[in-house]
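Enquirer: For reference, the structure I am asking about is given below.
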Amino acid sequence: MARQRAAVVGGGIMGAGIAQVLARNGYEVAIREINEELADKARERLVSGNYGLEDAVEGGHLSEAERDEVLERLTFTTDLDAATDGTEFVIEAVTEDLAIKGQVFRDLDDVTDDQPLYSNTSGFSVTAIANGVSDPSRVAVTHFFNPVPIMSMVEIVRSPLTDDSVVERAESLVGELGKTSVTIDDDPGSYGFIANRCHAAMREEAQKIVDEGIATEEQVDKALEEGYNLPVGPFSLRGIGEEWD
């Protein structure tokens with residue numbers, strides 16, 4: 001039986017994480033970057049970066065032989081046509097810029113046939129992203145959370161034009177990867193889906209409490225972590241990699 005093939009466009013932190021999880025679950029994955037230097041960095045990130053394959057081996061989640069098998073299923077290229085040829089689906093994971101994502105989807109429209117096209121955007125409207133695709137029924141959002149190899153949630157977002165089969169394939173894929181999904185409708189008037197919108201409201205109120213002198217950042221984090229069993233408070237989360245506007 002032939003292996004299933006997938007393409008990930010963008011080899012940054014999110015793209016490398018998505019590609020790793022796909023390859024660890026048996027997919028042959030092509031990671032496409034815009035130049036050789038970034039393609040090399042994507043490979044390095046996937047192998048030896050945080051939550052990369054070397055970390056998985058050191059943590060006892062993969063054997064060295066399994067790591068090598070995963071690497072055999074991964075290719076890195078600058079050729080979008082070659083990356084997407086024969087794939088069952090494509091996941092876009094470029095920088096969070098709507099103009100750039102729109103251009104990627106227009107390029108994908110030129111080199112793909114009818115396979116589903118998914119965006120890993122953390123908040124842009126799927127309707128807006130699909131504007132440049134001749135058949136928007138094959139476009140949906142699959143929003144993975146960082147770090148992808150660890151976090152279990154994936155938000156799936158459909159537009160009014162997204163075909164049911166595209167959503168069902170996304171839901172099936174999330175299950176294959178051992179993750180959990182929620183599927184929601186697009187809301188073009190807002191940025192963010194469920195988790196990010198709720199978190200944005202929480203961090204806005206947390207900052208207001210600090211600005212008004214009611215509590216310190218440390219006290220806010222402690223109250224939320226201990227009061228609601230949050231694994232990390234909003235200020236501590238910012239300190240470990242999230243940037244606030």
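We name chains A, B, ... following the order of the structure tokens; residues begin at 1 in each chain, and ligands are numbered from 1 as shown.
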Which of range 19-169 of chain A end up as alpha helix (DSSP H) when DSSP is run on this backbone - answer as JSON, numbers by chain?
Expert: {"A": [19, 20, 21, 22, 23, 24, 36, 37, 38, 39, 40, 41, 42, 43, 44, 45, 46, 47, 48, 53, 54, 55, 56, 57, 58, 64, 65, 66, 67, 68, 69, 70, 71, 72, 80, 81, 82, 83, 84, 98, 99, 100, 101, 102, 103, 104, 105, 106, 107, 108, 109, 110, 111, 126, 127, 128, 129, 164, 165, 166, 167, 168, 169]}
Enquirer: According to DSSP computed on the backbone, where in range 9-161 of chain A is there strand (DSSP E or B)? Give the residues as JSON, numbers by chain.
Expert: {"A": [9, 28, 29, 30, 31, 32, 74, 75, 76, 77, 89, 90, 91, 92, 117, 118, 119, 139, 140, 141, 142, 143, 144, 153, 154, 155, 156, 157, 158]}
Enquirer: At a cut-off of 12 Å, using only C-alpha atoms, what residues contact range 46-52 of chain A? Leave out same-chain residues fewer than 5 positions from it and give the result as a PyMOL selection string.
Expert: chain A and resi 11-24+31+39-41+57-59+61-62+64+67-68+70-71+74-76+146-151
Enquirer: Residues within 6 Å of Gly123 in chain A, please, as a list in words. Count only C-alpha atoms; anything in the same chain fewer than 6 positions from it doesn't count.
Expert: Tyr191, Gly192 and Phe193 of chain A
Enquirer: Quick one: distance from CA of Arg238 in chain A to CA of Val154 in chain A in Å, one decimal?
Expert: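 Interatomic distance here is 20.9 Å.
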Enquirer: If we count only C-alpha atoms, what is near range 162-178 of chain A at a cut-off of 7 Å, once residues fewer than 2 positions away on the same chain are taken out, given as a compact mmCIF listing (two decimals) with N, CA, C and O atoms, in the first residue's frame?
Expert:
```txt
# COMPACT_ATOMS: atom_id res chain seq x y z
N VAL A 21 4.91 15.90 13.20
CA VAL A 21 3.81 15.06 13.67
C VAL A 21 3.24 14.22 12.54
O VAL A 21 2.93 13.03 12.73
N ASN A 25 3.53 9.96 12.12
CA ASN A 25 2.33 9.15 11.96
C ASN A 25 2.23 8.51 10.58
O ASN A 25 1.13 8.17 10.13
N PRO A 116 -7.64 18.99 -0.59
CA PRO A 116 -7.92 20.03 0.40
C PRO A 116 -6.70 20.91 0.65
O PRO A 116 -5.55 20.44 0.66
N PRO A 136 -13.03 27.72 -3.72
CA PRO A 136 -12.88 27.91 -2.27
C PRO A 136 -13.50 26.81 -1.44
O PRO A 136 -13.29 26.76 -0.22
N SER A 137 -14.23 25.89 -2.09
CA SER A 137 -14.84 24.80 -1.32
C SER A 137 -13.79 23.85 -0.74
O SER A 137 -14.09 23.09 0.18
N ARG A 138 -12.55 23.90 -1.25
CA ARG A 138 -11.53 22.98 -0.74
C ARG A 138 -10.61 23.62 0.29
O ARG A 138 -9.58 23.06 0.65
N VAL A 139 -10.99 24.80 0.80
CA VAL A 139 -10.15 25.52 1.76
C VAL A 139 -10.80 25.53 3.14
O VAL A 139 -12.00 25.80 3.28
N ALA A 140 -10.00 25.23 4.16
CA ALA A 140 -10.43 25.32 5.56
C ALA A 140 -9.22 25.67 6.40
O ALA A 140 -8.08 25.66 5.92
N ARG A 158 -14.42 26.35 9.13
CA ARG A 158 -14.97 26.23 7.78
C ARG A 158 -15.64 27.53 7.37
O ARG A 158 -16.18 28.26 8.20
N SER A 159 -15.59 27.84 6.08
CA SER A 159 -16.35 28.96 5.55
C SER A 159 -17.69 28.44 5.05
O SER A 159 -17.90 27.22 4.96
N PRO A 160 -18.62 29.33 4.68
CA PRO A 160 -19.90 28.85 4.13
C PRO A 160 -19.72 28.04 2.85
O PRO A 160 -20.62 27.29 2.47
N THR A 180 -7.13 16.34 19.38
CA THR A 180 -8.55 16.62 19.55
C THR A 180 -8.91 17.87 18.75
O THR A 180 -8.13 18.82 18.70
N SER A 181 -10.09 17.87 18.14
CA SER A 181 -10.49 19.03 17.35
C SER A 181 -11.82 19.59 17.80
O SER A 181 -12.65 18.89 18.39
```
Enquirer: Between CA of Arg5 in chain A and CA of Asp79 in chain A, measure the distance and give it in Å to one decimal.
Expert: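 Separation of CA of Arg5 in chain A and CA of Asp79 in chain A: 15.7 Å.
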Enquirer: Rounded to one decimal, what separation in Å do you get between CA of Leu237 in chain A and CA of Val94 in chain A?
Expert: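 Interatomic distance, CA of Leu237 in chain A to CA of Val94 in chain A: 22.6 Å.
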Enquirer: Looking at A:Leu53, A:Ile156, A:Ala83, A:Leu161, which one is nearest to Ser134 in chain A, with distances taken over only C-alpha atoms?
Expert: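 Ranking A:Leu53, A:Ile156, A:Ala83, A:Leu161 by distance to Ser134 in chain A, first place goes to A:Leu161.
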Enquirer: Which residue gives the smallest distance to Ala82 in chain A among A:Ala6, A:Glu217, A:Asp185, A:Gly233, with only C-alpha atoms counted?
Expert: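 Of all the options, A:Ala6 lies closest to Ala82 in chain A.
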Enquirer: Show me a table, sorted first by chain and then by increasing residue number, of the residues of range 84-188 of chain A having an atom at most 12 Å from range 194-205 of chain A, each with its shortest atom pair and the distance in Å to one decimal, counting only C-alpha atoms and written as a Markdown table.
Expert:
```
| residue | atom | partner | partner_atom | distance |
| --- | --- | --- | --- | --- |
| A:Thr121 | CA | A:Asn196 | CA | 11.3 |
| A:Ser122 | CA | A:Asn196 | CA | 7.6 |
| A:Gly123 | CA | A:Asn196 | CA | 7.7 |
| A:Phe124 | CA | A:Asn196 | CA | 11.4 |
| A:His143 | CA | A:Ala195 | CA | 10.4 |
| A:Phe144 | CA | A:Ala195 | CA | 11.2 |
| A:Phe145 | CA | A:Ala195 | CA | 9.8 |
| A:Met153 | CA | A:Ala195 | CA | 9.7 |
| A:Val154 | CA | A:Ala195 | CA | 10.1 |
| A:Glu155 | CA | A:Ile194 | CA | 7.9 |
| A:Ile156 | CA | A:Ile194 | CA | 10.3 |
| A:Val157 | CA | A:Ile194 | CA | 10.2 |
| A:Ser181 | CA | A:Ile194 | CA | 11.6 |
| A:Val182 | CA | A:Ile194 | CA | 9.1 |
| A:Thr183 | CA | A:Ile194 | CA | 10.1 |
| A:Ile184 | CA | A:Ile194 | CA | 8.7 |
| A:Asp185 | CA | A:Ile194 | CA | 10.7 |
| A:Asp186 | CA | A:Ile194 | CA | 10.9 |
| A:Asp187 | CA | A:Ile194 | CA | 10.7 |
```
Enquirer: Using only C-alpha atoms, please write the residues we just selected to a file, as an mmCIF file, in the first residue's frame.
Expert:
```
data_model
loop_
_atom_site.group_PDB
_atom_site.id
_atom_site.type_symbol
_atom_site.label_atom_id
_atom_site.label_comp_id
_atom_site.auth_asym_id
_atom_site.auth_seq_id
_atom_site.Cartn_x
_atom_site.Cartn_y
_atom_site.Cartn_z
ATOM 1 C CA THR A 121 -3.580 30.664 10.657
ATOM 2 C CA SER A 122 -4.251 31.424 14.305
ATOM 3 C CA GLY A 123 -7.002 33.892 13.555
ATOM 4 C CA PHE A 124 -7.541 35.103 9.981
ATOM 5 C CA HIS A 143 -5.128 25.757 13.614
ATOM 6 C CA PHE A 144 -2.542 23.700 15.496
ATOM 7 C CA PHE A 145 -1.195 24.998 18.805
ATOM 8 C CA MET A 153 -5.914 20.852 20.339
ATOM 9 C CA VAL A 154 -6.615 21.732 16.703
ATOM 10 C CA GLU A 155 -9.269 24.301 15.794
ATOM 11 C CA ILE A 156 -10.940 23.528 12.460
ATOM 12 C CA VAL A 157 -12.711 26.444 10.806
ATOM 13 C CA SER A 181 -10.485 19.032 17.345
ATOM 14 C CA VAL A 182 -13.327 21.505 17.572
ATOM 15 C CA THR A 183 -15.007 22.549 14.319
ATOM 16 C CA ILE A 184 -16.539 26.005 14.067
ATOM 17 C CA ASP A 185 -17.898 28.381 11.429
ATOM 18 C CA ASP A 186 -15.893 31.290 10.074
ATOM 19 C CA ASP A 187 -16.444 34.725 11.596
#
```
